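Trainee: For reference, the structure I am asking about is given below.
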Amino acid sequence: MENTIKHTDCLSKLTCDPVSVYKSERRANGSSNYMNACHGKNFVQYSCSSCGLWHLTPKDHHTTSVPCDDCVDSEGICKDLYFDRESAEKRAAILYQKRGVRLSIYECPYNHGWHLTKKSHSGYDSDYY
């Protein structure tokens, strides 16, 4: 199996560690198949909207999101925009389970999608997970 590089700009949402980068979907798929067959892991590949390359993630942790062009977090970084409420709820539950961070979800006021936040949003359709 070919050595992969870590991308310092793309960090795991669970561990905040740099993630492995693959230059093509074919290479990511090959690595995913290898991990699944040899290690009993169930990984899927995804195209990263931040770096334009490919990464792997455990299938049960995969939630599709893109950077929101209109919303930023407290550090000025674009928030992730989840396409549906279910994906945002799933990501919030995963982060709570893995990192103990309680997040609420709310509908983006500018785009069609959902965000996560540590703050309670009164006036928004928001729930804590």
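Following the order of the structure tokens, first chain is A, next is B, and so on, with residues numbered from 1 inside each chain and ligands from 1 in the order they appear.
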Among region 59-109 of chain A, which ones does DSSP assign to strand (DSSP E or B) (computed from the backbone)? Answer as a PyMOL selection string.
Mentor: chain A and resi 65-72+78-82+104-107
Trainee: For Asn29 (chain A), work out the shell of residues within 8 Å, counting only C-alpha atoms and skipping chain neighbours fewer than 4 positions away, then give it as a PyMOL selection string.
Mentor: chain A and resi 25+33+44-45
Trainee: Identify which of the residues A:Gln97, A:Ser12, A:Ser24, A:Ser87 lies closest to Thr57 (chain A), counting only C-alpha atoms when measuring atom-to-atom distances.
Mentor: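 Of A:Gln97, A:Ser12, A:Ser24, A:Ser87, the one nearest Thr57 (chain A), counting only C-alpha atoms, is A:Ser12.
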Trainee: Restricting the calculation to only C-alpha atoms: of A:Thr117, A:Ser31, A:Ser49, A:Asn111, which residue gets closest to Asp9 (chain A)?
Mentor: A:Ser49
Trainee: Val21 (chain A): which residues within 12 Å, counting only C-alpha atoms, same-chain residues fewer than 4 positions away excluded, as a VMD selection string?
Mentor: chain A and resid 2 to 12 25 27 to 29 31 45 to 48 50 to 57
Trainee: For N, CA, C and O atoms, I'd like the residues from the last selection saved as an mmCIF file, in the first residue's frame.
Mentor:
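Generated output (again.cif):
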data_model
loop_
_atom_site.group_PDB
_atom_site.id
_atom_site.type_symbol
_atom_site.label_atom_id
_atom_site.label_comp_id
_atom_site.auth_asym_id
_atom_site.auth_seq_id
_atom_site.Cartn_x
_atom_site.Cartn_y
_atom_site.Cartn_z
ATOM 1 N N GLU A 2 0.604 2.147 -0.881
ATOM 2 C CA GLU A 2 1.373 3.364 -1.049
ATOM 3 C C GLU A 2 1.269 4.244 0.196
ATOM 4 O O GLU A 2 0.232 4.302 0.847
ATOM 5 N N ASN A 3 2.370 4.910 0.556
ATOM 6 C CA ASN A 3 2.342 5.817 1.693
ATOM 7 C C ASN A 3 1.475 7.026 1.360
ATOM 8 O O ASN A 3 1.479 7.506 0.238
ATOM 9 N N THR A 4 0.742 7.486 2.345
ATOM 10 C CA THR A 4 -0.085 8.672 2.147
ATOM 11 C C THR A 4 0.539 9.825 2.895
ATOM 12 O O THR A 4 1.348 9.646 3.801
ATOM 13 N N ILE A 5 0.159 11.026 2.491
ATOM 14 C CA ILE A 5 0.632 12.215 3.177
ATOM 15 C C ILE A 5 -0.500 12.760 4.035
ATOM 16 O O ILE A 5 -1.673 12.500 3.785
ATOM 17 N N LYS A 6 -0.131 13.510 5.051
ATOM 18 C CA LYS A 6 -1.106 14.167 5.912
ATOM 19 C C LYS A 6 -1.233 15.612 5.450
ATOM 20 O O LYS A 6 -0.258 16.258 5.085
ATOM 21 N N HIS A 7 -2.429 16.108 5.426
ATOM 22 C CA HIS A 7 -2.696 17.469 4.988
ATOM 23 C C HIS A 7 -2.899 18.333 6.219
ATOM 24 O O HIS A 7 -3.859 18.156 6.960
ATOM 25 N N THR A 8 -2.000 19.277 6.456
ATOM 26 C CA THR A 8 -2.060 20.083 7.672
ATOM 27 C C THR A 8 -3.206 21.086 7.669
ATOM 28 O O THR A 8 -3.580 21.597 8.712
ATOM 29 N N ASP A 9 -3.788 21.355 6.497
ATOM 30 C CA ASP A 9 -4.922 22.277 6.439
ATOM 31 C C ASP A 9 -6.251 21.577 6.694
ATOM 32 O O ASP A 9 -7.238 22.227 7.000
ATOM 33 N N CYS A 10 -6.286 20.264 6.524
ATOM 34 C CA CYS A 10 -7.519 19.502 6.732
ATOM 35 C C CYS A 10 -7.363 18.652 7.984
ATOM 36 O O CYS A 10 -6.504 17.775 8.038
ATOM 37 N N LEU A 11 -8.195 18.933 8.972
ATOM 38 C CA LEU A 11 -8.106 18.250 10.255
ATOM 39 C C LEU A 11 -9.342 17.409 10.498
ATOM 40 O O LEU A 11 -10.452 17.763 10.085
ATOM 41 N N SER A 12 -9.146 16.312 11.194
ATOM 42 C CA SER A 12 -10.258 15.457 11.584
ATOM 43 C C SER A 12 -11.214 16.244 12.475
ATOM 44 O O SER A 12 -10.786 16.928 13.404
ATOM 45 N N GLU A 25 -9.780 10.054 -6.619
ATOM 46 C CA GLU A 25 -10.819 9.197 -6.059
ATOM 47 C C GLU A 25 -10.398 7.728 -6.143
ATOM 48 O O GLU A 25 -10.641 6.949 -5.233
ATOM 49 N N ARG A 27 -7.377 6.436 -5.965
ATOM 50 C CA ARG A 27 -6.423 6.109 -4.896
ATOM 51 C C ARG A 27 -7.112 6.041 -3.539
ATOM 52 O O ARG A 27 -6.825 5.172 -2.725
ATOM 53 N N ALA A 28 -8.016 6.968 -3.289
ATOM 54 C CA ALA A 28 -8.758 6.947 -2.026
ATOM 55 C C ALA A 28 -9.611 5.686 -1.935
ATOM 56 O O ALA A 28 -9.672 5.045 -0.880
ATOM 57 N N ASN A 29 -10.253 5.329 -3.031
ATOM 58 C CA ASN A 29 -11.077 4.127 -3.056
ATOM 59 C C ASN A 29 -10.230 2.881 -2.817
ATOM 60 O O ASN A 29 -10.621 1.979 -2.075
ATOM 61 N N SER A 31 -7.414 2.699 -1.137
ATOM 62 C CA SER A 31 -7.029 2.686 0.272
ATOM 63 C C SER A 31 -8.212 2.293 1.153
ATOM 64 O O SER A 31 -8.055 1.538 2.115
ATOM 65 N N GLN A 45 -14.574 7.053 1.011
ATOM 66 C CA GLN A 45 -13.795 8.192 0.566
ATOM 67 C C GLN A 45 -14.738 9.359 0.288
ATOM 68 O O GLN A 45 -15.905 9.159 -0.010
ATOM 69 N N TYR A 46 -14.201 10.574 0.416
ATOM 70 C CA TYR A 46 -14.998 11.755 0.089
ATOM 71 C C TYR A 46 -14.093 12.845 -0.454
ATOM 72 O O TYR A 46 -12.919 12.932 -0.104
ATOM 73 N N SER A 47 -14.661 13.642 -1.319
ATOM 74 C CA SER A 47 -13.945 14.779 -1.892
ATOM 75 C C SER A 47 -14.051 15.942 -0.916
ATOM 76 O O SER A 47 -15.139 16.296 -0.466
ATOM 77 N N CYS A 48 -12.919 16.525 -0.580
ATOM 78 C CA CYS A 48 -12.875 17.612 0.403
ATOM 79 C C CYS A 48 -13.133 18.955 -0.280
ATOM 80 O O CYS A 48 -12.445 19.311 -1.229
ATOM 81 N N SER A 50 -12.559 21.746 1.058
ATOM 82 C CA SER A 50 -11.541 22.715 1.487
ATOM 83 C C SER A 50 -10.270 22.633 0.653
ATOM 84 O O SER A 50 -9.760 23.639 0.183
ATOM 85 N N CYS A 51 -9.751 21.408 0.468
ATOM 86 C CA CYS A 51 -8.468 21.259 -0.239
ATOM 87 C C CYS A 51 -8.630 20.736 -1.656
ATOM 88 O O CYS A 51 -7.680 20.762 -2.437
ATOM 89 N N GLY A 52 -9.815 20.238 -2.001
ATOM 90 C CA GLY A 52 -10.059 19.721 -3.342
ATOM 91 C C GLY A 52 -9.503 18.323 -3.579
ATOM 92 O O GLY A 52 -9.585 17.810 -4.688
ATOM 93 N N LEU A 53 -8.952 17.700 -2.540
ATOM 94 C CA LEU A 53 -8.403 16.356 -2.664
ATOM 95 C C LEU A 53 -9.361 15.368 -1.997
ATOM 96 O O LEU A 53 -10.495 15.713 -1.695
ATOM 97 N N TRP A 54 -8.894 14.145 -1.770
ATOM 98 C CA TRP A 54 -9.738 13.082 -1.222
ATOM 99 C C TRP A 54 -9.246 12.635 0.138
ATOM 100 O O TRP A 54 -8.039 12.606 0.393
ATOM 101 N N HIS A 55 -10.172 12.298 1.029
ATOM 102 C CA HIS A 55 -9.889 11.795 2.360
ATOM 103 C C HIS A 55 -10.746 10.554 2.608
ATOM 104 O O HIS A 55 -11.678 10.282 1.858
ATOM 105 N N LEU A 56 -10.452 9.853 3.702
ATOM 106 C CA LEU A 56 -11.263 8.724 4.149
ATOM 107 C C LEU A 56 -11.905 9.069 5.480
ATOM 108 O O LEU A 56 -11.351 9.840 6.269
ATOM 109 N N THR A 57 -13.048 8.463 5.730
ATOM 110 C CA THR A 57 -13.718 8.610 7.018
ATOM 111 C C THR A 57 -14.465 7.317 7.320
ATOM 112 O O THR A 57 -14.880 6.627 6.389
#
Trainee: With only C-alpha atoms as the counted atoms, please give the residues lying no more than 12 Å from Lys79 (chain A), apart from itself and same-chain residues fewer than 2 positions off, as a list in words.
Mentor: Ser50, Ser65, Val66, Pro67, Cys68, Asp69, Asp70, Cys71, Val72, Asp73, Ser74, Glu75, Gly76, Ile77, Leu81, Tyr82, Ala88, Ile105, Tyr106, Cys108, Asn111, Gly113, Trp114, His115, Leu116 and Thr117 of chain A
Trainee: Give me a file of those residues, with N, CA, C and O atoms, as a compact mmCIF listing (two decimals), in the first residue's frame.
Mentor:
# COMPACT_ATOMS: atom_id res chain seq x y z
N SER A 50 -12.56 21.75 1.06
CA SER A 50 -11.54 22.71 1.49
C SER A 50 -10.27 22.63 0.65
O SER A 50 -9.76 23.64 0.18
N SER A 65 -20.99 17.91 4.16
CA SER A 65 -21.12 19.33 4.42
C SER A 65 -20.20 20.09 3.47
O SER A 65 -19.30 19.50 2.87
N VAL A 66 -20.45 21.38 3.35
CA VAL A 66 -19.59 22.27 2.57
C VAL A 66 -19.37 23.53 3.41
O VAL A 66 -20.16 23.83 4.30
N PRO A 67 -18.30 24.27 3.14
CA PRO A 67 -18.12 25.54 3.85
C PRO A 67 -19.24 26.51 3.45
O PRO A 67 -19.61 26.60 2.28
N CYS A 68 -19.80 27.18 4.43
CA CYS A 68 -20.85 28.17 4.18
C CYS A 68 -20.18 29.49 3.80
O CYS A 68 -19.31 29.97 4.52
N ASP A 69 -20.60 30.07 2.70
CA ASP A 69 -20.00 31.32 2.23
C ASP A 69 -20.41 32.53 3.06
O ASP A 69 -19.79 33.59 2.96
N ASP A 70 -21.45 32.39 3.87
CA ASP A 70 -22.01 33.54 4.57
C ASP A 70 -21.86 33.52 6.09
O ASP A 70 -22.13 34.53 6.73
N CYS A 71 -21.48 32.37 6.67
CA CYS A 71 -21.45 32.26 8.13
C CYS A 71 -20.07 31.83 8.61
O CYS A 71 -19.46 30.94 8.02
N VAL A 72 -19.58 32.47 9.67
CA VAL A 72 -18.28 32.13 10.24
C VAL A 72 -18.43 31.83 11.72
O VAL A 72 -19.39 32.27 12.37
N ASP A 73 -17.46 31.09 12.26
CA ASP A 73 -17.47 30.79 13.69
C ASP A 73 -16.79 31.91 14.46
O ASP A 73 -16.41 32.95 13.88
N SER A 74 -16.60 31.73 15.74
CA SER A 74 -16.02 32.77 16.59
C SER A 74 -14.57 33.10 16.24
O SER A 74 -14.06 34.13 16.63
N GLU A 75 -13.92 32.21 15.48
CA GLU A 75 -12.54 32.45 15.05
C GLU A 75 -12.47 32.98 13.62
O GLU A 75 -11.39 33.10 13.05
N GLY A 76 -13.62 33.26 13.02
CA GLY A 76 -13.66 33.79 11.67
C GLY A 76 -13.53 32.75 10.57
O GLY A 76 -13.32 33.08 9.41
N ILE A 77 -13.66 31.46 10.93
CA ILE A 77 -13.56 30.37 9.96
C ILE A 77 -14.96 30.03 9.45
O ILE A 77 -15.92 29.99 10.23
N LEU A 81 -21.77 23.78 6.44
CA LEU A 81 -23.18 23.82 6.11
C LEU A 81 -23.61 22.40 5.76
O LEU A 81 -23.11 21.81 4.80
N TYR A 82 -24.48 21.83 6.59
CA TYR A 82 -25.00 20.49 6.37
C TYR A 82 -26.26 20.62 5.54
O TYR A 82 -27.09 21.49 5.78
N ALA A 88 -26.85 17.22 10.17
CA ALA A 88 -26.38 18.07 11.26
C ALA A 88 -26.58 17.38 12.61
O ALA A 88 -25.70 17.42 13.48
N ILE A 105 -28.15 22.56 16.89
CA ILE A 105 -28.21 22.78 15.45
C ILE A 105 -29.20 23.89 15.18
O ILE A 105 -30.13 24.13 15.97
N TYR A 106 -28.99 24.61 14.09
CA TYR A 106 -29.93 25.64 13.69
C TYR A 106 -29.87 25.81 12.18
O TYR A 106 -28.85 25.53 11.55
N CYS A 108 -29.49 27.59 8.75
CA CYS A 108 -28.72 28.74 8.28
C CYS A 108 -29.67 29.84 7.82
O CYS A 108 -30.59 29.57 7.04
N ASN A 111 -28.56 30.40 3.73
CA ASN A 111 -28.49 29.34 2.73
C ASN A 111 -29.41 28.20 3.13
O ASN A 111 -29.90 28.14 4.24
N GLY A 113 -29.62 24.97 4.47
CA GLY A 113 -28.83 24.00 5.20
C GLY A 113 -28.85 24.30 6.69
O GLY A 113 -29.59 25.17 7.17
N TRP A 114 -28.00 23.58 7.42
CA TRP A 114 -27.97 23.62 8.89
C TRP A 114 -26.56 23.78 9.39
O TRP A 114 -25.60 23.34 8.76
N HIS A 115 -26.43 24.44 10.55
CA HIS A 115 -25.14 24.64 11.22
C HIS A 115 -25.16 24.02 12.61
O HIS A 115 -26.23 23.75 13.16
N LEU A 116 -23.97 23.87 13.18
CA LEU A 116 -23.80 23.46 14.57
C LEU A 116 -23.26 24.65 15.36
O LEU A 116 -22.52 25.48 14.83
N THR A 117 -23.61 24.72 16.63
CA THR A 117 -23.08 25.77 17.49
C THR A 117 -23.06 25.30 18.93
O THR A 117 -23.84 24.43 19.32
Trainee: Based on DSSP run over this structure's backbone, return all residues of chain A in helix (DSSP H, G or I), as a PyMOL selection string.
Mentor: chain A and resi 25-39+59-61+85-99
Trainee: Please provide the set of residues having any atom within 7 Å of Lys118 (chain A), restricted to only C-alpha atoms, with same-chain residues fewer than 6 positions apart removed, written as a list in words.
Mentor: Arg102, Leu103 and Ser104 of chain A
Trainee: Using only C-alpha atoms, which residues sit within 12 Å of Pro58 (chain A) once same-chain residues fewer than 5 positions away are excluded, as number ranges by chain?
Mentor: A: 12-14, 32, 35-36, 40-46, 63, 94
Trainee: Can you work out the spacing between CA of Lys90 (chain A) and CA of Asp60 (chain A) in Å, to one decimal?
Mentor: 9.4 Å
